[in-house]
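*Asks:* The following block contains the structure, expressed as structure tokens.
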Amino acid sequence: GLEVPSRERRRCQQRRALLLGPRKHMSHPSATRPERALLAALKTDNPDIDEYPERYLRWVAARLARALESDETGQFADRVRAVCFNLPKPHNHERRRALCNRTAPPSSICGLRGDSWASSDRRGGR
């Protein structure tokens, strides 16, 4: 017969599905949840948004998601959340612009930790 997964295993599977997708979204049928979250981070408060077609930004978000997923440190969901939180901040605009213009590879974003995301004023105060 069929083996019924334990309660703990089901919880782990549900958490993983929640964090990693692939949930489908009507406007982006092939995008995973991390890709949609990263796309939103690329678009939020972006003064250059009109320079990039939606399709291109989805492609950049997908490349960034793949780079974060292949990052050696693991903790994919935590890294996605950190990027989504920090990338739209005004002091990180040049990073976002470089990512969108392809002058900085997605791997350059993967390596950022803690103070690397902070503004120069905040880093100076620490």
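Identifiers in the structure tokens: chain A, B, ... in order shown; residue index from 1 per chain; ligand index from 1 in order shown.
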So which residues touch Pro47 in chain A within 10 Å, counting only C-alpha atoms, skipping near sequence neighbours fewer than 6 positions away, as a list in words?
*Replies:*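 Close residues of Pro47 in chain A: Pro90, His93 and Arg97 of chain A.
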*Asks:* Contacts of range 48-64 of chain A at 12 Å or less, counting only C-alpha atoms, minus same-chain residues fewer than 5 places along, as a ChimeraX atom specification?
*Replies:* /A:27-43,69-71,76,79-80,83-84,87-88,93-94,96-102,104-111
*Asks:* What's the separation between CA of Asp45 in chain A and CA of Arg66 in chain A, in Å to one decimal place?
*Replies:*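 Value for the CA of Asp45 in chain A-CA of Arg66 in chain A distance: 23.5 Å.
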*Asks:* What does the distance from CA of Phe85 in chain A to CA of Thr103 in chain A come to in Å, to one decimal?
*Replies:*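 Computing the Euclidean distance for CA of Phe85 in chain A and CA of Thr103 in chain A yields 21.7 Å.
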*Asks:* Assign secondary structure with DSSP using the backbone only, and return the residues of range 29-89 of chain A in alpha helix (DSSP H) as a PyMOL selection string.
*Replies:* chain A and resi 33-43+54-70+76-86
